[in-house]
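So the structure is just underneath, and the comments pick up after that.
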Amino acid sequence: MEPTQKENESMLTNKKIGMIGTGNMGNALIDGLIRSGAALPENIICSDASERQLEPIRQKYKVTTTTDNIEVVKSADIVIYAIKPQIMASVLKETADYLDMSKLIISIAAGVPLAAIESLLNKDLRLIRVMPNVAVAVREGATAVAAGGHADKQDVDLAMAIFDSVGKSIFLKENYLMDAITGLSGSGPAYIFMIVDALADAGVKVGLSRKDALFLSSQTILGAAKLLLETNAHPGQLKDSVTSPGGTAIAGLHTLEKGGLRTTLINAVEAATNRSKELGEAMIKNFSNGQTQP
């Protein structure tokens, strides 16, 4: 039987969690872990190059903060690298001597494959790569988790517990599919923002105020997504339930089909996936050569 989210979260209770990087993603994770009760403030230590960035986090969450990345690694059972891909190699090199099989290492660095990290560190480690999206900021993130060769099921459960505190996560057995995740859910919020913006423009065109049109567009997206998730119904089935013979919805759907919305969205996900593959291959090459950027 698979562990429940609550059981996974309880696994974190006595774990020391180290967060390297307290930008938007790191901050959201600290907030989610503490707000959900998955982790205690006294068990979290985080680092950032900027003391100014750390001060409000220390005040708000009562966690331990430092500008020393090595202090975080030494103190933690779980080390989360919540940093930009451009500095990932340099921070890994800085902390490499203190990483070993006693620690679970989680990378959130976008576009940095596990193979790149493994080629740089060149040692056996319990590695996990995750691809969350921007919605972790409101605890509705969609996150995929992939494991390195030395990470076991408990390591995966721990990683999922962390990211379930800021949304929902899935496990990918096939690491290579992380590029597809980047193209779909990682980049997906940008597509939705564009769709909402276009719907709001349409609302203004037919007479609504900008404020009302934007609210209705956003709430419609939220409600439709919640309906899909809570009913587990096929989207085609729900689409059919909204349309009636000769009605308004079918007229609108016909226009969307003529405009190629379905094909355009498929092409967008494919293009983003291919770009992620290109960046990942460049990262593997550059990490192996000791460089930091593609």
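Chain labels run A, B, ... following the order of the structure tokens; each chain numbers its residues from 1, and ligands are numbered from 1 in the order shown.
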Tell me which protein, DNA and RNA residues are within 8 Å of range 261-278 of chain A, counting only C-alpha atoms, leaving out same-chain ones fewer than 6 positions away, and put them as a list of chain:residue names.
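Skipping anything fewer than 6 positions along the chain leaves A:Gly111, A:Asp179, A:Ala180, A:Ile181, A:Thr182, A:Gly183, A:Leu184, A:Ser187, A:Gly188.
Going from CA of Leu12 in chain A over to CA of Ala39 in chain A, you cover 6.1 Å.
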By how many Å are CA of Gln59 in chain A and CA of Pro41 in chain A apart?
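Taking CA of Gln59 in chain A as the start and CA of Pro41 in chain A as the end point, the length is 11.2 Å.
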Point-to-point distance from CA of Glu94 in chain A to CA of Lys285 in chain A, Å rounded to tenths
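Taking CA of Glu94 in chain A as the start and CA of Lys285 in chain A as the end point, the length is 19.6 Å.
Here the question is which of A:Phe215, A:Ile117, A:Thr220, A:Val206 gets nearest to Asn289 in chain A using only C-alpha atoms, and that residue is A:Ile117.
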All residues 8 Å or closer to Ile57 in chain A, only C-alpha atoms, same chain fewer than 5 positions away omitted, as a list in words:
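The residues satisfying every condition are Asn27, Lys62 and Val63 of chain A.
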Would you save the residues from that selection as a PDB file, in the first residue's frame, using N, CA and C atoms?
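The resulting file, out.pdb, is reproduced below:
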ATOM      1  N   ASN A  27      11.529  30.258  -0.832  1.00  0.00           N
ATOM      2  CA  ASN A  27      10.610  30.904   0.107  1.00  0.00           C
ATOM      3  C   ASN A  27       9.274  30.174   0.157  1.00  0.00           C
ATOM      4  N   LYS A  62      10.970  31.989  11.698  1.00  0.00           N
ATOM      5  CA  LYS A  62      11.752  31.553  12.866  1.00  0.00           C
ATOM      6  C   LYS A  62      12.672  30.374  12.539  1.00  0.00           C
ATOM      7  N   VAL A  63      13.155  30.340  11.292  1.00  0.00           N
ATOM      8  CA  VAL A  63      14.096  29.299  10.884  1.00  0.00           C
ATOM      9  C   VAL A  63      15.516  29.821  11.064  1.00  0.00           C
TER      10      VAL A  63
END
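Excluding Met131 in chain A and any residue on its chain fewer than 4 positions from it, the residues at most 9 Å away by only C-alpha atoms are Ser107, Ile108, Ala109, Ala110, Gly111, Ala142, Thr143, Ala144, Val145, Ala146, Met178, Ile181, Thr182, Ser185 and Gly186 of chain A.
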Would you please work out which residue, of A:Ala135, A:Ile105, A:Ile17, A:Leu199, is nearest to Lys168 in chain A when using only C-alpha atoms?
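Closest to Lys168 in chain A, using only C-alpha atoms: A:Ala135.
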Can you tell me which residues surround range 118-123 of chain A at a distance of at most 12 Å, considering only C-alpha atoms, apart from same-chain residues fewer than 5 positions away, and format the answer as a ChimeraX atom specification?
/A:88-101,105,107,112-113,128-129,147-150,283-292
Next, write the just-selected residues to a file, as a tab-separated table (two decimals), in the first residue's frame, keeping N, CA, C and O atoms as the atom set.
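Result file result-v1.tsv:
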chain	number	residue	atom	x	y	z
A	88	MET	N	24.34	26.74	-10.47
A	88	MET	CA	24.26	25.41	-9.88
A	88	MET	C	25.63	24.74	-9.81
A	88	MET	O	26.00	24.18	-8.77
A	89	ALA	N	26.38	24.79	-10.88
A	89	ALA	CA	27.68	24.12	-10.91
A	89	ALA	C	28.63	24.68	-9.85
A	89	ALA	O	29.30	23.93	-9.14
A	90	SER	N	28.68	26.00	-9.74
A	90	SER	CA	29.61	26.60	-8.78
A	90	SER	C	29.21	26.29	-7.34
A	90	SER	O	30.07	26.03	-6.49
A	91	VAL	N	27.90	26.27	-7.05
A	91	VAL	CA	27.45	25.96	-5.69
A	91	VAL	C	27.67	24.48	-5.38
A	91	VAL	O	28.05	24.12	-4.26
A	92	LEU	N	27.45	23.62	-6.36
A	92	LEU	CA	27.73	22.19	-6.16
A	92	LEU	C	29.22	21.96	-5.87
A	92	LEU	O	29.57	21.19	-4.97
A	93	LYS	N	30.08	22.63	-6.62
A	93	LYS	CA	31.51	22.49	-6.38
A	93	LYS	C	31.89	22.97	-4.98
A	93	LYS	O	32.71	22.36	-4.29
A	94	GLU	N	31.28	24.07	-4.57
A	94	GLU	CA	31.56	24.65	-3.26
A	94	GLU	C	31.20	23.68	-2.13
A	94	GLU	O	31.91	23.60	-1.12
A	95	THR	N	30.13	22.95	-2.30
A	95	THR	CA	29.61	22.09	-1.23
A	95	THR	C	29.94	20.61	-1.42
A	95	THR	O	29.60	19.79	-0.57
A	96	ALA	N	30.58	20.26	-2.51
A	96	ALA	CA	30.77	18.85	-2.90
A	96	ALA	C	31.42	18.00	-1.82
A	96	ALA	O	31.03	16.84	-1.61
A	97	ASP	N	32.42	18.53	-1.13
A	97	ASP	CA	33.16	17.74	-0.14
A	97	ASP	C	32.29	17.29	1.02
A	97	ASP	O	32.66	16.36	1.75
A	98	TYR	N	31.16	17.93	1.20
A	98	TYR	CA	30.31	17.64	2.35
A	98	TYR	C	29.04	16.87	1.97
A	98	TYR	O	28.16	16.66	2.80
A	99	LEU	N	28.97	16.46	0.71
A	99	LEU	CA	27.85	15.67	0.23
A	99	LEU	C	28.24	14.20	0.21
A	99	LEU	O	29.29	13.83	-0.32
A	100	ASP	N	27.39	13.35	0.80
A	100	ASP	CA	27.65	11.91	0.79
A	100	ASP	C	26.32	11.16	0.87
A	100	ASP	O	25.25	11.77	0.86
A	101	MET	N	26.41	9.86	0.96
A	101	MET	CA	25.21	9.01	0.91
A	101	MET	C	24.33	9.15	2.15
A	101	MET	O	23.22	8.62	2.20
A	105	ILE	N	19.74	14.56	-1.54
A	105	ILE	CA	20.04	15.80	-2.27
A	105	ILE	C	18.97	16.01	-3.32
A	105	ILE	O	18.75	15.16	-4.18
A	107	SER	N	17.47	18.63	-6.26
A	107	SER	CA	17.76	19.78	-7.13
A	107	SER	C	16.46	20.30	-7.74
A	107	SER	O	15.67	19.55	-8.30
A	112	VAL	N	18.57	21.41	-15.45
A	112	VAL	CA	19.81	20.72	-15.10
A	112	VAL	C	19.50	19.24	-14.84
A	112	VAL	O	18.95	18.89	-13.80
A	113	PRO	N	19.82	18.36	-15.79
A	113	PRO	CA	19.52	16.93	-15.64
A	113	PRO	C	20.34	16.29	-14.52
A	113	PRO	O	21.40	16.80	-14.13
A	128	ILE	N	17.84	13.45	-6.19
A	128	ILE	CA	16.47	13.60	-6.67
A	128	ILE	C	16.41	14.90	-7.47
A	128	ILE	O	16.95	15.93	-7.05
A	129	ARG	N	15.73	14.85	-8.63
A	129	ARG	CA	15.48	16.07	-9.39
A	129	ARG	C	13.98	16.33	-9.40
A	129	ARG	O	13.18	15.41	-9.59
A	147	ALA	N	14.20	10.25	-9.81
A	147	ALA	CA	15.24	9.78	-8.89
A	147	ALA	C	16.50	9.33	-9.62
A	147	ALA	O	16.42	8.74	-10.71
A	148	GLY	N	17.64	9.60	-9.00
A	148	GLY	CA	18.90	9.06	-9.48
A	148	GLY	C	19.04	7.59	-9.09
A	148	GLY	O	18.22	7.06	-8.34
A	149	GLY	N	20.08	6.96	-9.56
A	149	GLY	CA	20.25	5.52	-9.37
A	149	GLY	C	20.43	5.08	-7.93
A	149	GLY	O	20.15	3.92	-7.60
A	150	HIS	N	20.87	5.97	-7.05
A	150	HIS	CA	21.13	5.59	-5.66
A	150	HIS	C	20.03	6.05	-4.71
A	150	HIS	O	20.13	5.84	-3.50
A	283	MET	N	23.82	21.50	-20.71
A	283	MET	CA	24.21	21.47	-19.30
A	283	MET	C	25.10	20.28	-19.00
A	283	MET	O	26.10	20.39	-18.31
A	284	ILE	N	24.73	19.11	-19.53
A	284	ILE	CA	25.54	17.91	-19.30
A	284	ILE	C	26.95	18.11	-19.84
A	284	ILE	O	27.95	17.81	-19.18
A	285	LYS	N	27.04	18.66	-21.04
A	285	LYS	CA	28.34	18.90	-21.67
A	285	LYS	C	29.16	19.90	-20.88
A	285	LYS	O	30.35	19.68	-20.60
A	286	ASN	N	28.54	21.01	-20.50
A	286	ASN	CA	29.27	22.07	-19.81
A	286	ASN	C	29.64	21.69	-18.38
A	286	ASN	O	30.71	22.05	-17.91
A	287	PHE	N	28.74	20.96	-17.69
A	287	PHE	CA	29.07	20.52	-16.33
A	287	PHE	C	30.25	19.57	-16.36
A	287	PHE	O	31.12	19.62	-15.50
A	288	SER	N	30.27	18.68	-17.35
A	288	SER	CA	31.36	17.72	-17.45
A	288	SER	C	32.69	18.40	-17.78
A	288	SER	O	33.75	17.92	-17.45
A	289	ASN	N	32.58	19.58	-18.43
A	289	ASN	CA	33.79	20.36	-18.75
A	289	ASN	C	34.12	21.39	-17.67
A	289	ASN	O	35.04	22.19	-17.83
A	290	GLY	N	33.30	21.39	-16.60
A	290	GLY	CA	33.57	22.33	-15.51
A	290	GLY	C	33.01	23.71	-15.73
A	290	GLY	O	33.30	24.63	-14.97
A	291	GLN	N	32.19	23.90	-16.78
A	291	GLN	CA	31.59	25.21	-17.03
A	291	GLN	C	30.27	25.29	-16.28
A	291	GLN	O	29.76	24.32	-15.76
A	292	THR	N	29.66	26.50	-16.27
A	292	THR	CA	28.46	26.71	-15.47
A	292	THR	C	27.23	27.05	-16.28
A	292	THR	O	26.13	27.00	-15.79
Would you please extract all alpha helix (DSSP H) residues from range 67-109 of chain A, as assigned by DSSP on the backbone, and give them as JSON, numbers by chain?
{"A": [69, 70, 71, 72, 73, 74, 75, 85, 86, 87, 88, 89, 90, 91, 92, 93, 94, 95]}
Once you have the residues from the selection above, write them out as a PDB file, in the first residue's frame, restricted to N, CA, C and O atoms.
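This went into again02.pdb:
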ATOM      1  N   ASN A  69      26.753  28.366   2.587  1.00  0.00           N
ATOM      2  CA  ASN A  69      26.123  27.161   2.031  1.00  0.00           C
ATOM      3  C   ASN A  69      26.648  25.879   2.667  1.00  0.00           C
ATOM      4  O   ASN A  69      25.905  24.908   2.839  1.00  0.00           O
ATOM      5  N   ILE A  70      27.913  25.875   3.008  1.00  0.00           N
ATOM      6  CA  ILE A  70      28.518  24.683   3.605  1.00  0.00           C
ATOM      7  C   ILE A  70      27.898  24.387   4.971  1.00  0.00           C
ATOM      8  O   ILE A  70      27.670  23.222   5.328  1.00  0.00           O
ATOM      9  N   GLU A  71      27.577  25.418   5.718  1.00  0.00           N
ATOM     10  CA  GLU A  71      26.919  25.230   7.016  1.00  0.00           C
ATOM     11  C   GLU A  71      25.579  24.530   6.845  1.00  0.00           C
ATOM     12  O   GLU A  71      25.200  23.665   7.642  1.00  0.00           O
ATOM     13  N   VAL A  72      24.859  24.882   5.788  1.00  0.00           N
ATOM     14  CA  VAL A  72      23.572  24.241   5.506  1.00  0.00           C
ATOM     15  C   VAL A  72      23.769  22.759   5.232  1.00  0.00           C
ATOM     16  O   VAL A  72      23.068  21.913   5.790  1.00  0.00           O
ATOM     17  N   VAL A  73      24.706  22.431   4.361  1.00  0.00           N
ATOM     18  CA  VAL A  73      24.940  21.034   3.987  1.00  0.00           C
ATOM     19  C   VAL A  73      25.372  20.216   5.195  1.00  0.00           C
ATOM     20  O   VAL A  73      24.901  19.088   5.401  1.00  0.00           O
ATOM     21  N   LYS A  74      26.246  20.759   6.006  1.00  0.00           N
ATOM     22  CA  LYS A  74      26.720  20.041   7.189  1.00  0.00           C
ATOM     23  C   LYS A  74      25.579  19.745   8.163  1.00  0.00           C
ATOM     24  O   LYS A  74      25.550  18.685   8.799  1.00  0.00           O
ATOM     25  N   SER A  75      24.629  20.667   8.265  1.00  0.00           N
ATOM     26  CA  SER A  75      23.579  20.561   9.274  1.00  0.00           C
ATOM     27  C   SER A  75      22.406  19.693   8.850  1.00  0.00           C
ATOM     28  O   SER A  75      21.631  19.242   9.694  1.00  0.00           O
ATOM     29  N   PRO A  85      19.888  27.757 -12.468  1.00  0.00           N
ATOM     30  CA  PRO A  85      20.791  26.815 -13.129  1.00  0.00           C
ATOM     31  C   PRO A  85      22.160  27.412 -13.444  1.00  0.00           C
ATOM     32  O   PRO A  85      23.161  26.699 -13.472  1.00  0.00           O
ATOM     33  N   GLN A  86      22.207  28.731 -13.647  1.00  0.00           N
ATOM     34  CA  GLN A  86      23.472  29.384 -14.000  1.00  0.00           C
ATOM     35  C   GLN A  86      24.522  29.293 -12.892  1.00  0.00           C
ATOM     36  O   GLN A  86      25.721  29.363 -13.164  1.00  0.00           O
ATOM     37  N   ILE A  87      24.069  29.146 -11.644  1.00  0.00           N
ATOM     38  CA  ILE A  87      25.041  29.067 -10.540  1.00  0.00           C
ATOM     39  C   ILE A  87      25.092  27.676  -9.915  1.00  0.00           C
ATOM     40  O   ILE A  87      25.818  27.460  -8.952  1.00  0.00           O
ATOM     41  N   MET A  88      24.338  26.744 -10.473  1.00  0.00           N
ATOM     42  CA  MET A  88      24.258  25.411  -9.883  1.00  0.00           C
ATOM     43  C   MET A  88      25.626  24.739  -9.811  1.00  0.00           C
ATOM     44  O   MET A  88      26.005  24.182  -8.772  1.00  0.00           O
ATOM     45  N   ALA A  89      26.384  24.787 -10.883  1.00  0.00           N
ATOM     46  CA  ALA A  89      27.685  24.115 -10.910  1.00  0.00           C
ATOM     47  C   ALA A  89      28.628  24.677  -9.852  1.00  0.00           C
ATOM     48  O   ALA A  89      29.298  23.926  -9.138  1.00  0.00           O
ATOM     49  N   SER A  90      28.681  25.997  -9.741  1.00  0.00           N
ATOM     50  CA  SER A  90      29.606  26.603  -8.784  1.00  0.00           C
ATOM     51  C   SER A  90      29.206  26.290  -7.344  1.00  0.00           C
ATOM     52  O   SER A  90      30.070  26.032  -6.491  1.00  0.00           O
ATOM     53  N   VAL A  91      27.905  26.270  -7.050  1.00  0.00           N
ATOM     54  CA  VAL A  91      27.454  25.963  -5.692  1.00  0.00           C
ATOM     55  C   VAL A  91      27.672  24.480  -5.382  1.00  0.00           C
ATOM     56  O   VAL A  91      28.050  24.120  -4.263  1.00  0.00           O
ATOM     57  N   LEU A  92      27.453  23.615  -6.363  1.00  0.00           N
ATOM     58  CA  LEU A  92      27.730  22.194  -6.157  1.00  0.00           C
ATOM     59  C   LEU A  92      29.216  21.963  -5.867  1.00  0.00           C
ATOM     60  O   LEU A  92      29.571  21.189  -4.966  1.00  0.00           O
ATOM     61  N   LYS A  93      30.076  22.631  -6.615  1.00  0.00           N
ATOM     62  CA  LYS A  93      31.513  22.488  -6.380  1.00  0.00           C
ATOM     63  C   LYS A  93      31.893  22.967  -4.984  1.00  0.00           C
ATOM     64  O   LYS A  93      32.706  22.360  -4.287  1.00  0.00           O
ATOM     65  N   GLU A  94      31.283  24.074  -4.573  1.00  0.00           N
ATOM     66  CA  GLU A  94      31.563  24.653  -3.255  1.00  0.00           C
ATOM     67  C   GLU A  94      31.204  23.683  -2.130  1.00  0.00           C
ATOM     68  O   GLU A  94      31.910  23.597  -1.119  1.00  0.00           O
ATOM     69  N   THR A  95      30.128  22.945  -2.302  1.00  0.00           N
ATOM     70  CA  THR A  95      29.613  22.087  -1.227  1.00  0.00           C
ATOM     71  C   THR A  95      29.939  20.605  -1.419  1.00  0.00           C
ATOM     72  O   THR A  95      29.599  19.785  -0.566  1.00  0.00           O
TER      73      THR A  95
END
List every residue of range 2-251 of chain A that DSSP, applied to the backbone of this structure, assigns to strand (DSSP E), and report them as a ChimeraX atom specification.
/A:17-20,44-47,64-66,78-81,104-107,126-131,141-147,167-172
